[in-house]
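Data from query_7.txt: compact mmCIF, C-alpha atoms and all ligand atoms
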```txt
# COMPACT_ATOMS: atom_id res chain seq x y z
CA MET S 15 -71.06 51.88 -24.94
CA THR S 16 -67.56 51.13 -23.66
CA ASP S 17 -64.87 51.17 -26.32
CA PRO S 18 -62.60 48.11 -25.76
CA THR S 19 -59.56 50.14 -26.88
CA ASP S 20 -60.44 52.90 -24.39
CA PRO S 21 -61.95 51.09 -21.37
CA ALA S 22 -61.61 53.98 -18.94
CA GLY S 23 -62.98 56.43 -21.52
CA GLU S 24 -59.81 58.55 -21.34
CA ASN S 25 -59.50 59.09 -25.08
CA GLU S 26 -63.16 59.98 -25.33
CA ALA S 27 -62.82 62.47 -22.47
CA LYS S 28 -59.83 64.05 -24.27
CA ARG S 29 -61.77 64.27 -27.52
CA LEU S 30 -64.71 65.96 -25.78
CA GLU S 31 -62.37 68.39 -24.05
CA ALA S 32 -60.74 69.29 -27.38
CA GLY S 33 -64.22 69.93 -28.80
CA ARG S 34 -65.15 72.15 -25.87
CA LEU S 35 -61.91 74.13 -26.18
CA LEU S 36 -62.22 74.64 -29.93
CA PHE S 37 -65.83 75.76 -29.78
CA ALA S 38 -65.17 78.07 -26.82
CA LYS S 39 -63.01 80.12 -29.20
CA GLU S 40 -64.27 83.13 -31.02
CA CYS S 41 -66.28 82.48 -34.15
CA GLN S 42 -66.63 85.21 -36.72
CA PHE S 43 -68.36 85.64 -40.03
CA VAL S 44 -65.71 85.86 -42.76
CA ALA S 45 -67.52 86.01 -46.08
CA GLY S 46 -70.75 85.32 -47.87
CA ALA S 47 -70.13 84.10 -51.40
CA ALA S 48 -72.97 84.38 -53.90
CA THR S 49 -70.62 83.60 -56.79
CA GLU S 50 -67.43 81.58 -57.10
CA ASP S 51 -65.19 84.63 -57.40
CA MET S 52 -66.36 85.68 -53.91
CA LEU S 53 -65.03 82.59 -52.14
CA PRO S 54 -62.42 83.43 -49.47
CA GLU S 55 -58.77 82.38 -49.60
CA LEU S 56 -57.79 78.77 -49.07
CA ASP S 57 -56.17 79.48 -45.71
CA LEU S 58 -58.04 77.20 -43.28
CA THR S 59 -59.34 73.65 -43.12
CA GLU S 60 -63.05 73.68 -43.94
CA VAL S 61 -66.07 71.67 -42.86
CA ALA S 62 -69.24 72.28 -44.85
CA PHE S 63 -72.86 71.89 -43.73
CA ALA S 64 -74.86 70.57 -46.68
CA GLY S 65 -78.35 69.18 -47.10
CA ARG S 66 -81.85 69.96 -48.25
CA SER S 67 -83.47 73.30 -47.53
CA ASN S 68 -84.86 73.58 -44.00
CA VAL S 69 -83.02 70.51 -42.70
CA GLY S 70 -81.35 72.62 -40.01
CA LYS S 71 -77.87 73.50 -41.37
CA SER S 72 -77.75 77.07 -40.06
CA SER S 73 -79.32 76.01 -36.75
CA LEU S 74 -76.60 73.40 -36.28
CA VAL S 75 -73.83 75.97 -36.90
CA ASN S 76 -75.46 78.14 -34.23
CA ALA S 77 -75.87 75.26 -31.76
CA LEU S 78 -72.24 74.18 -32.17
CA THR S 79 -70.91 77.70 -31.69
CA ASN S 80 -73.46 78.41 -28.95
CA ARG S 81 -74.67 81.50 -30.74
CA ASN S 82 -78.32 82.04 -31.62
CA THR S 83 -77.89 84.41 -34.49
CA LEU S 84 -74.50 83.73 -36.04
CA ALA S 85 -76.09 82.00 -39.02
CA ARG S 86 -79.57 83.15 -40.00
CA THR S 87 -82.31 80.53 -39.75
CA SER S 88 -85.95 80.47 -40.78
CA ASN S 89 -89.10 78.41 -41.06
CA THR S 90 -89.10 79.10 -44.77
CA PRO S 91 -86.91 76.80 -46.87
CA GLY S 92 -84.38 78.85 -48.81
CA ARG S 93 -83.20 81.11 -45.98
CA THR S 94 -79.47 80.76 -46.68
CA GLN S 95 -78.82 82.11 -50.16
CA GLN S 96 -75.04 82.26 -50.30
CA ILE S 97 -72.11 80.23 -49.01
CA ASN S 98 -71.36 81.63 -45.56
CA PHE S 99 -67.92 81.13 -44.05
CA PHE S 100 -67.29 81.37 -40.30
CA ASN S 101 -63.80 81.42 -38.84
CA LEU S 102 -63.61 79.38 -35.63
CA GLY S 103 -60.56 80.35 -33.59
CA ASP S 104 -58.36 80.60 -36.70
CA GLN S 105 -58.47 76.80 -36.76
CA LEU S 106 -61.47 75.88 -38.84
CA HIS S 107 -63.89 77.37 -41.33
CA LEU S 108 -67.48 76.32 -40.69
CA VAL S 109 -69.22 76.66 -44.05
CA ASP S 110 -73.01 77.07 -44.07
CA LEU S 111 -74.40 76.24 -47.50
CA PRO S 112 -77.69 77.09 -49.19
CA GLY S 113 -80.04 74.09 -49.30
CA HIS S 114 -80.13 71.46 -52.00
CA GLY S 115 -83.50 70.71 -53.55
CA TYR S 116 -86.80 72.32 -52.66
CA ALA S 117 -86.79 75.93 -51.52
CA LYS S 118 -89.32 78.74 -51.63
CA ALA S 119 -87.45 80.54 -54.38
CA SER S 120 -87.52 80.81 -58.16
CA LYS S 121 -86.25 77.94 -60.30
CA GLN S 122 -83.58 80.25 -61.67
CA LYS S 123 -82.28 81.13 -58.19
CA ILE S 124 -82.26 77.49 -57.09
CA GLY S 125 -80.33 76.58 -60.24
CA ILE S 126 -77.70 79.22 -59.50
CA TRP S 127 -77.28 78.11 -55.86
CA THR S 128 -77.09 74.45 -56.80
CA GLU S 129 -74.34 75.10 -59.32
CA LEU S 130 -72.43 77.31 -56.86
CA VAL S 131 -72.72 74.73 -54.06
CA ASN S 132 -71.84 71.76 -56.25
CA ASN S 133 -68.79 73.51 -57.69
CA TYR S 134 -67.69 74.44 -54.18
CA LEU S 135 -68.17 70.89 -52.88
CA ARG S 136 -66.33 69.29 -55.78
CA GLY S 137 -63.48 71.71 -56.17
CA ARG S 138 -62.41 73.11 -52.80
CA SER S 139 -58.95 71.87 -51.86
CA THR S 140 -59.25 72.87 -48.17
CA LEU S 141 -62.60 71.10 -47.73
CA ARG S 142 -61.87 68.39 -45.20
CA ARG S 143 -65.34 66.98 -44.70
CA VAL S 144 -68.92 67.55 -45.75
CA LEU S 145 -71.57 67.09 -43.09
CA LEU S 146 -74.61 65.94 -45.04
CA LEU S 147 -77.60 66.76 -42.88
CA ILE S 148 -80.67 64.56 -43.12
CA ASP S 149 -83.96 65.23 -41.31
CA ALA S 150 -84.45 62.22 -39.02
CA ARG S 151 -88.17 62.21 -39.84
CA HIS S 152 -87.67 61.97 -43.58
CA GLY S 153 -84.52 59.94 -44.26
CA LEU S 154 -82.53 60.00 -47.51
CA LYS S 155 -84.22 61.63 -50.51
CA VAL S 156 -83.29 61.68 -54.20
CA THR S 157 -81.37 64.96 -53.86
CA ASP S 158 -79.38 63.56 -50.91
CA ARG S 159 -78.33 60.53 -52.94
CA GLU S 160 -77.35 62.83 -55.82
CA VAL S 161 -75.09 64.78 -53.47
CA MET S 162 -73.62 61.52 -52.12
CA ASP S 163 -72.97 60.28 -55.67
CA MET S 164 -71.28 63.53 -56.57
CA LEU S 165 -69.07 63.48 -53.46
CA ASP S 166 -68.16 59.83 -54.01
CA VAL S 167 -67.08 60.62 -57.56
CA ALA S 168 -65.10 63.66 -56.41
CA ALA S 169 -63.58 61.61 -53.53
CA VAL S 170 -64.70 64.14 -50.93
CA SER S 171 -65.26 62.73 -47.44
CA TYR S 172 -68.78 63.09 -46.08
CA GLN S 173 -70.61 62.18 -42.91
CA ILE S 174 -74.35 61.85 -42.44
CA ILE S 175 -75.77 63.91 -39.59
CA LEU S 176 -79.38 63.23 -38.64
CA THR S 177 -81.12 66.43 -37.51
CA LYS S 178 -84.21 67.28 -35.45
CA VAL S 179 -84.08 63.95 -33.59
CA ASP S 180 -86.23 65.63 -30.91
CA LYS S 181 -89.14 65.27 -33.32
CA SER S 182 -88.89 61.49 -33.75
CA ASN S 183 -89.01 58.56 -31.37
CA GLN S 184 -85.77 56.75 -30.56
CA SER S 185 -86.61 53.46 -32.25
CA ASP S 186 -87.45 55.19 -35.56
CA VAL S 187 -84.16 57.09 -35.40
CA LYS S 188 -82.31 53.87 -34.64
CA SER S 189 -83.79 51.97 -37.57
CA LEU S 190 -83.18 54.91 -39.92
CA THR S 191 -79.54 55.03 -38.76
CA GLN S 192 -79.12 51.31 -39.48
CA LYS S 193 -80.69 51.70 -42.92
CA ILE S 194 -78.36 54.59 -43.75
CA GLU S 195 -75.27 52.73 -42.48
CA ALA S 196 -76.21 49.74 -44.67
CA GLU S 197 -76.55 52.02 -47.69
CA LEU S 198 -73.24 53.75 -46.95
CA ALA S 199 -71.51 50.37 -46.69
CA LYS S 200 -72.39 49.71 -50.34
CA ARG S 201 -70.73 52.92 -51.50
CA PRO S 202 -67.15 53.02 -52.79
CA ALA S 203 -65.40 54.78 -49.89
CA ALA S 204 -65.57 54.35 -46.13
CA HIS S 205 -67.60 57.00 -44.36
CA PRO S 206 -67.45 58.22 -40.76
CA GLU S 207 -70.25 56.99 -38.52
CA THR S 208 -73.67 58.63 -38.80
CA MET S 209 -74.34 61.03 -35.93
CA LEU S 210 -77.63 62.07 -34.29
CA THR S 211 -78.35 65.69 -33.37
CA SER S 212 -80.96 68.11 -32.17
CA SER S 213 -80.03 71.79 -32.23
CA VAL S 214 -83.11 72.59 -30.18
CA LYS S 215 -82.46 70.06 -27.40
CA GLY S 216 -78.67 70.11 -27.63
CA ILE S 217 -78.50 66.38 -28.43
CA GLY S 218 -75.25 65.21 -30.06
CA ILE S 219 -73.74 68.70 -30.06
CA GLU S 220 -70.82 67.90 -27.72
CA ALA S 221 -70.02 64.77 -29.72
CA LEU S 222 -70.05 66.67 -33.00
CA ARG S 223 -67.81 69.39 -31.53
CA ALA S 224 -65.34 66.65 -30.60
CA GLU S 225 -65.52 65.16 -34.09
CA LEU S 226 -64.83 68.53 -35.73
CA ALA S 227 -61.98 69.28 -33.30
CA SER S 228 -60.30 66.05 -34.38
CA LEU S 229 -60.49 67.23 -38.00
CA ALA S 230 -59.08 70.66 -37.17
CA GLU S 231 -56.14 68.99 -35.44
CA GLU S 232 -55.30 66.68 -38.29
CA VAL S 233 -54.01 69.43 -40.57
CA GLY S 234 -50.52 69.15 -41.93
N1 LIG S 301 -87.45 70.78 -33.59
C1 LIG S 301 -86.32 71.18 -34.18
N2 LIG S 301 -86.35 72.16 -35.11
C2 LIG S 301 -85.19 72.52 -35.70
C3 LIG S 301 -83.95 71.89 -35.37
N3 LIG S 301 -83.00 72.45 -36.14
C4 LIG S 301 -83.61 73.39 -36.89
N4 LIG S 301 -84.92 73.44 -36.64
C5 LIG S 301 -85.91 74.34 -37.27
O1 LIG S 301 -85.96 74.06 -38.67
C6 LIG S 301 -86.15 75.25 -39.43
C7 LIG S 301 -85.06 75.38 -40.48
O2 LIG S 301 -83.81 75.57 -39.83
P1 LIG S 301 -82.56 76.23 -40.59
O3 LIG S 301 -81.41 76.06 -39.69
O4 LIG S 301 -82.89 77.61 -41.08
O5 LIG S 301 -82.44 75.26 -41.85
P2 LIG S 301 -81.41 75.34 -43.08
O6 LIG S 301 -81.05 73.95 -43.43
O7 LIG S 301 -80.30 76.26 -42.76
O8 LIG S 301 -82.36 75.93 -44.22
P3 LIG S 301 -81.94 76.72 -45.59
O9 LIG S 301 -80.97 77.80 -45.23
O10 LIG S 301 -83.25 77.26 -46.05
O11 LIG S 301 -81.39 75.72 -46.53
C8 LIG S 301 -86.17 76.38 -38.40
O12 LIG S 301 -87.52 76.72 -38.12
C9 LIG S 301 -85.48 75.80 -37.20
O13 LIG S 301 -85.91 76.38 -35.98
C10 LIG S 301 -83.95 70.87 -34.37
O14 LIG S 301 -82.94 70.26 -34.01
N5 LIG S 301 -85.16 70.55 -33.83
MG MG S 302 -79.63 77.94 -43.70
```

Please re-express this file's structure in structure tokens.
Amino acid sequence: MTDPTDPAGENEAKRLEAGRLLFAKECQFVAGAATEDMLPELDLTEVAFAGRSNVGKSSLVNALTNRNTLARTSNTPGRTQQINFFNLGDQLHLVDLPGHGYAKASKQKIGIWTELVNNYLRGRSTLRRVLLLIDARHGLKVTDREVMDMLDVAAVSYQIILTKVDKSNQSDVKSLTQKIEAELAKRPAAHPETMLTSSVKGIGIEALRAELASLAEEVG
């Protein structure tokens, strides 16, 4: 759709180029924190990938950075068991979180991860935005709304990212997006627009790179 404030699409082209440039930079694993005292220094702007187990957080980090094995992925919910930090070109930390909610792990382990993740999300001063990933087939679940409530209370900015859109038909994805936007509109703060992605098909990846580049640039 043509943006009336950018009829020739020049700003959009610039945004996409900034995304391409940022994500062409080297991306390196920095730290895996299983406890709060293992979190790295507060030296870079951070964007965190949150959401239920198996929603595709680690896959999205890999798709964005164009690396198959940077973040480990699996069919089994509960693959990521610590907070993994990746340094992208010394400009941004991409933060891959363990899943909220159901995972094939013990109750005790899930409790420990949930507390670690929630404390990170609520209390990290360099955390610029949380990408809350939602499986496009399933929509918002109780645990997602709990995370949204927590972030609203903590005044942390979050953006809904629908994942695995390759597995749904377009009209279902469209109506889910509208439903989510309507729900977001009732919440206390404004939230960036919901984005649609598929790590497998590469859908929405360029657009999300551009979005994250704009966050990396806004430091200061
Ligand atoms: N079809 C399809 N499958 C996907 C997509 N993204 C991820 N998957 C698959 O979904 C499964 C889970 O992906 P992960 O990236 O490990 O999910 P996660 O959210 O990191 O999971 P946890 O670390 O367990 O919380 C894997 O089998 C992926 O191959 C996608 O866009 N499309
Ligand atoms: Mg993972």

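Every residue having at least one atom no farther than 6 Å from ligand LIG 301 (chain S) is included below, with all atoms listed in the file taken into account: Ser67, Asn68, Val69, Gly70, Lys71, Ser72, Ser73, Thr87, Ser88, Asn89, Pro91, Gly92, Arg93, Thr94, Pro112, Gly113, Thr177, Lys178, Asp180, Lys181, Ser212, Ser213 and Val214 of chain S.
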
Atom-to-atom span, CA of Gly137 (chain S) and CA of Ala230 (chain S), Å: 19.5 Å

Computed interatomic separation between CA of Val44 (chain S) and CA of Asp163 (chain S) (Å): 29.6 Å

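Among S:Cys41, S:Leu36, S:Leu30, S:Ile219, the residue with the shortest atom-to-atom distance to Thr83 (chain S), counting all atoms listed in the file, is S:Cys41.
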
Distance criterion (all atoms listed in the file): nearest to Asn98 (chain S) out of S:Val61, S:Leu147, S:Leu74, S:Ala47: S:Ala47

Excluding Ser139 (chain S) and its own-chain neighbours fewer than 6 positions away, which residues fall within 12 Å of it when counting only C-alpha atoms? Please give them as a PDB file with C-alpha atoms, in the frame of the given file.
```
ATOM      1  CA  GLU S  55     -58.770  82.380 -49.600  1.00  0.00           C
ATOM      2  CA  LEU S  56     -57.790  78.770 -49.070  1.00  0.00           C
ATOM      3  CA  ASP S  57     -56.170  79.480 -45.710  1.00  0.00           C
ATOM      4  CA  LEU S  58     -58.040  77.200 -43.280  1.00  0.00           C
ATOM      5  CA  THR S  59     -59.340  73.650 -43.120  1.00  0.00           C
ATOM      6  CA  GLU S  60     -63.050  73.680 -43.940  1.00  0.00           C
ATOM      7  CA  VAL S  61     -66.070  71.670 -42.860  1.00  0.00           C
ATOM      8  CA  ASN S 133     -68.790  73.510 -57.690  1.00  0.00           C
ATOM      9  CA  ALA S 168     -65.100  63.660 -56.410  1.00  0.00           C
ATOM     10  CA  ALA S 169     -63.580  61.610 -53.530  1.00  0.00           C
ATOM     11  CA  VAL S 170     -64.700  64.140 -50.930  1.00  0.00           C
ATOM     12  CA  SER S 171     -65.260  62.730 -47.440  1.00  0.00           C
TER      13      SER S 171
END
```

Surrounding residues of His152 (chain S) excluding itself and chain neighbours under 3 positions, 12 Å, all atoms listed in the file, as a ChimeraX atom specification: /S:66,68-69,147-149,155-156,158,176-179,181-182,186-187,190-191,194

May I have the selected residues written with C-alpha atoms, as a PDB file, in the coordinates of the input?
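The file below, again-v4.pdb, is the result:
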```
ATOM      1  CA  ARG S  66     -81.850  69.960 -48.250  1.00  0.00           C
ATOM      2  CA  ASN S  68     -84.860  73.580 -44.000  1.00  0.00           C
ATOM      3  CA  VAL S  69     -83.020  70.510 -42.700  1.00  0.00           C
ATOM      4  CA  LEU S 147     -77.600  66.760 -42.880  1.00  0.00           C
ATOM      5  CA  ILE S 148     -80.670  64.560 -43.120  1.00  0.00           C
ATOM      6  CA  ASP S 149     -83.960  65.230 -41.310  1.00  0.00           C
ATOM      7  CA  LYS S 155     -84.220  61.630 -50.510  1.00  0.00           C
ATOM      8  CA  VAL S 156     -83.290  61.680 -54.200  1.00  0.00           C
ATOM      9  CA  ASP S 158     -79.380  63.560 -50.910  1.00  0.00           C
ATOM     10  CA  LEU S 176     -79.380  63.230 -38.640  1.00  0.00           C
ATOM     11  CA  THR S 177     -81.120  66.430 -37.510  1.00  0.00           C
ATOM     12  CA  LYS S 178     -84.210  67.280 -35.450  1.00  0.00           C
ATOM     13  CA  VAL S 179     -84.080  63.950 -33.590  1.00  0.00           C
ATOM     14  CA  LYS S 181     -89.140  65.270 -33.320  1.00  0.00           C
ATOM     15  CA  SER S 182     -88.890  61.490 -33.750  1.00  0.00           C
ATOM     16  CA  ASP S 186     -87.450  55.190 -35.560  1.00  0.00           C
ATOM     17  CA  VAL S 187     -84.160  57.090 -35.400  1.00  0.00           C
ATOM     18  CA  LEU S 190     -83.180  54.910 -39.920  1.00  0.00           C
ATOM     19  CA  THR S 191     -79.540  55.030 -38.760  1.00  0.00           C
ATOM     20  CA  ILE S 194     -78.360  54.590 -43.750  1.00  0.00           C
TER      21      ILE S 194
END
```

Proximity to Thr79 (chain S) - best of S:Leu222, S:Ala199, S:Ile126, S:Ala150, all atoms listed in the file: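 Residue with the minimum atom-to-atom distance to Thr79 (chain S): S:Leu222.
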
Atomic separation - CA of Arg223 (chain S) relative to CA of Met209 (chain S), Å: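 We find that CA of Met209 (chain S) and CA of Arg223 (chain S) lie 11.5 Å from each other.
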
Given all atoms listed in the file as the counted atoms, nearest of S:Glu31, S:Glu50, S:Asp20, S:Glu26 to Arg138 (chain S): S:Glu50

Selected residue, from S:Asp104, S:Asp166, S:Asp17, S:Asp110, that lies nearest to Gly46 (chain S) when counting all atoms listed in the file: S:Asp110

Residue nearest Glu207 (chain S) among S:Arg34, S:Leu141, S:Glu195, S:Asn101 (counting only C-alpha atoms): S:Glu195

Filled-in N, CA and C atoms of region 106-134 of chain S, supplied as a PDB file, keeping the file's coordinate frame:
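Result went into out-v2.pdb, see below:
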```pdb
ATOM      1  N   LEU S 106     -60.521  76.599 -37.980  1.00  0.00           N
ATOM      2  CA  LEU S 106     -61.470  75.880 -38.840  1.00  0.00           C
ATOM      3  C   LEU S 106     -62.458  76.872 -39.454  1.00  0.00           C
ATOM      4  N   HIS S 107     -62.761  76.661 -40.726  1.00  0.00           N
ATOM      5  CA  HIS S 107     -63.890  77.370 -41.330  1.00  0.00           C
ATOM      6  C   HIS S 107     -65.125  76.478 -41.232  1.00  0.00           C
ATOM      7  N   LEU S 108     -66.185  76.989 -40.630  1.00  0.00           N
ATOM      8  CA  LEU S 108     -67.480  76.320 -40.690  1.00  0.00           C
ATOM      9  C   LEU S 108     -68.209  76.947 -41.877  1.00  0.00           C
ATOM     10  N   VAL S 109     -68.682  76.133 -42.795  1.00  0.00           N
ATOM     11  CA  VAL S 109     -69.220  76.660 -44.050  1.00  0.00           C
ATOM     12  C   VAL S 109     -70.700  76.278 -44.173  1.00  0.00           C
ATOM     13  N   ASP S 110     -71.557  77.283 -44.034  1.00  0.00           N
ATOM     14  CA  ASP S 110     -73.010  77.070 -44.070  1.00  0.00           C
ATOM     15  C   ASP S 110     -73.497  77.275 -45.499  1.00  0.00           C
ATOM     16  N   LEU S 111     -74.026  76.194 -46.080  1.00  0.00           N
ATOM     17  CA  LEU S 111     -74.400  76.240 -47.500  1.00  0.00           C
ATOM     18  C   LEU S 111     -75.892  76.505 -47.679  1.00  0.00           C
ATOM     19  N   PRO S 112     -76.268  77.054 -48.842  1.00  0.00           N
ATOM     20  CA  PRO S 112     -77.690  77.090 -49.190  1.00  0.00           C
ATOM     21  C   PRO S 112     -78.189  75.649 -49.367  1.00  0.00           C
ATOM     22  N   GLY S 113     -79.493  75.445 -49.229  1.00  0.00           N
ATOM     23  CA  GLY S 113     -80.040  74.090 -49.300  1.00  0.00           C
ATOM     24  C   GLY S 113     -80.052  73.502 -50.701  1.00  0.00           C
ATOM     25  N   HIS S 114     -79.907  72.185 -50.746  1.00  0.00           N
ATOM     26  CA  HIS S 114     -80.130  71.460 -52.000  1.00  0.00           C
ATOM     27  C   HIS S 114     -81.626  71.167 -52.110  1.00  0.00           C
ATOM     28  N   GLY S 115     -82.114  71.127 -53.342  1.00  0.00           N
ATOM     29  CA  GLY S 115     -83.500  70.710 -53.550  1.00  0.00           C
ATOM     30  C   GLY S 115     -84.484  71.818 -53.255  1.00  0.00           C
ATOM     31  N   TYR S 116     -85.662  71.414 -52.834  1.00  0.00           N
ATOM     32  CA  TYR S 116     -86.800  72.320 -52.660  1.00  0.00           C
ATOM     33  C   TYR S 116     -86.469  73.553 -51.809  1.00  0.00           C
ATOM     34  N   ALA S 117     -86.869  74.706 -52.300  1.00  0.00           N
ATOM     35  CA  ALA S 117     -86.790  75.930 -51.520  1.00  0.00           C
ATOM     36  C   ALA S 117     -87.875  76.861 -52.028  1.00  0.00           C
ATOM     37  N   LYS S 118     -88.316  77.774 -51.170  1.00  0.00           N
ATOM     38  CA  LYS S 118     -89.320  78.740 -51.630  1.00  0.00           C
ATOM     39  C   LYS S 118     -88.601  79.861 -52.366  1.00  0.00           C
ATOM     40  N   ALA S 119     -88.145  79.546 -53.560  1.00  0.00           N
ATOM     41  CA  ALA S 119     -87.450  80.540 -54.380  1.00  0.00           C
ATOM     42  C   ALA S 119     -87.664  80.169 -55.833  1.00  0.00           C
ATOM     43  N   SER S 120     -87.288  81.076 -56.740  1.00  0.00           N
ATOM     44  CA  SER S 120     -87.520  80.810 -58.160  1.00  0.00           C
ATOM     45  C   SER S 120     -86.608  79.688 -58.642  1.00  0.00           C
ATOM     46  N   LYS S 121     -87.050  79.017 -59.709  1.00  0.00           N
ATOM     47  CA  LYS S 121     -86.250  77.940 -60.300  1.00  0.00           C
ATOM     48  C   LYS S 121     -84.863  78.440 -60.685  1.00  0.00           C
ATOM     49  N   GLN S 122     -84.845  79.679 -61.210  1.00  0.00           N
ATOM     50  CA  GLN S 122     -83.580  80.250 -61.670  1.00  0.00           C
ATOM     51  C   GLN S 122     -82.600  80.403 -60.494  1.00  0.00           C
ATOM     52  N   LYS S 123     -83.119  80.935 -59.381  1.00  0.00           N
ATOM     53  CA  LYS S 123     -82.280  81.130 -58.190  1.00  0.00           C
ATOM     54  C   LYS S 123     -81.770  79.788 -57.677  1.00  0.00           C
ATOM     55  N   ILE S 124     -82.656  78.800 -57.600  1.00  0.00           N
ATOM     56  CA  ILE S 124     -82.260  77.490 -57.090  1.00  0.00           C
ATOM     57  C   ILE S 124     -81.177  76.884 -57.978  1.00  0.00           C
ATOM     58  N   GLY S 125     -81.336  77.090 -59.295  1.00  0.00           N
ATOM     59  CA  GLY S 125     -80.330  76.580 -60.240  1.00  0.00           C
ATOM     60  C   GLY S 125     -78.967  77.213 -59.991  1.00  0.00           C
ATOM     61  N   ILE S 126     -78.954  78.509 -59.737  1.00  0.00           N
ATOM     62  CA  ILE S 126     -77.700  79.220 -59.500  1.00  0.00           C
ATOM     63  C   ILE S 126     -77.040  78.738 -58.200  1.00  0.00           C
ATOM     64  N   TRP S 127     -77.850  78.588 -57.132  1.00  0.00           N
ATOM     65  CA  TRP S 127     -77.280  78.110 -55.860  1.00  0.00           C
ATOM     66  C   TRP S 127     -76.737  76.699 -56.004  1.00  0.00           C
ATOM     67  N   THR S 128     -77.499  75.854 -56.696  1.00  0.00           N
ATOM     68  CA  THR S 128     -77.090  74.450 -56.800  1.00  0.00           C
ATOM     69  C   THR S 128     -75.749  74.351 -57.522  1.00  0.00           C
ATOM     70  N   GLU S 129     -75.598  75.140 -58.578  1.00  0.00           N
ATOM     71  CA  GLU S 129     -74.340  75.100 -59.320  1.00  0.00           C
ATOM     72  C   GLU S 129     -73.185  75.629 -58.455  1.00  0.00           C
ATOM     73  N   LEU S 130     -73.452  76.717 -57.752  1.00  0.00           N
ATOM     74  CA  LEU S 130     -72.430  77.310 -56.860  1.00  0.00           C
ATOM     75  C   LEU S 130     -72.015  76.287 -55.798  1.00  0.00           C
ATOM     76  N   VAL S 131     -73.001  75.684 -55.153  1.00  0.00           N
ATOM     77  CA  VAL S 131     -72.720  74.730 -54.060  1.00  0.00           C
ATOM     78  C   VAL S 131     -71.998  73.503 -54.613  1.00  0.00           C
ATOM     79  N   ASN S 132     -72.481  72.966 -55.702  1.00  0.00           N
ATOM     80  CA  ASN S 132     -71.840  71.760 -56.250  1.00  0.00           C
ATOM     81  C   ASN S 132     -70.399  72.034 -56.666  1.00  0.00           C
ATOM     82  N   ASN S 133     -70.163  73.175 -57.285  1.00  0.00           N
ATOM     83  CA  ASN S 133     -68.790  73.510 -57.690  1.00  0.00           C
ATOM     84  C   ASN S 133     -67.894  73.681 -56.466  1.00  0.00           C
ATOM     85  N   TYR S 134     -68.448  74.299 -55.431  1.00  0.00           N
ATOM     86  CA  TYR S 134     -67.690  74.440 -54.180  1.00  0.00           C
ATOM     87  C   TYR S 134     -67.361  73.061 -53.619  1.00  0.00           C
TER      88      TYR S 134
END
```
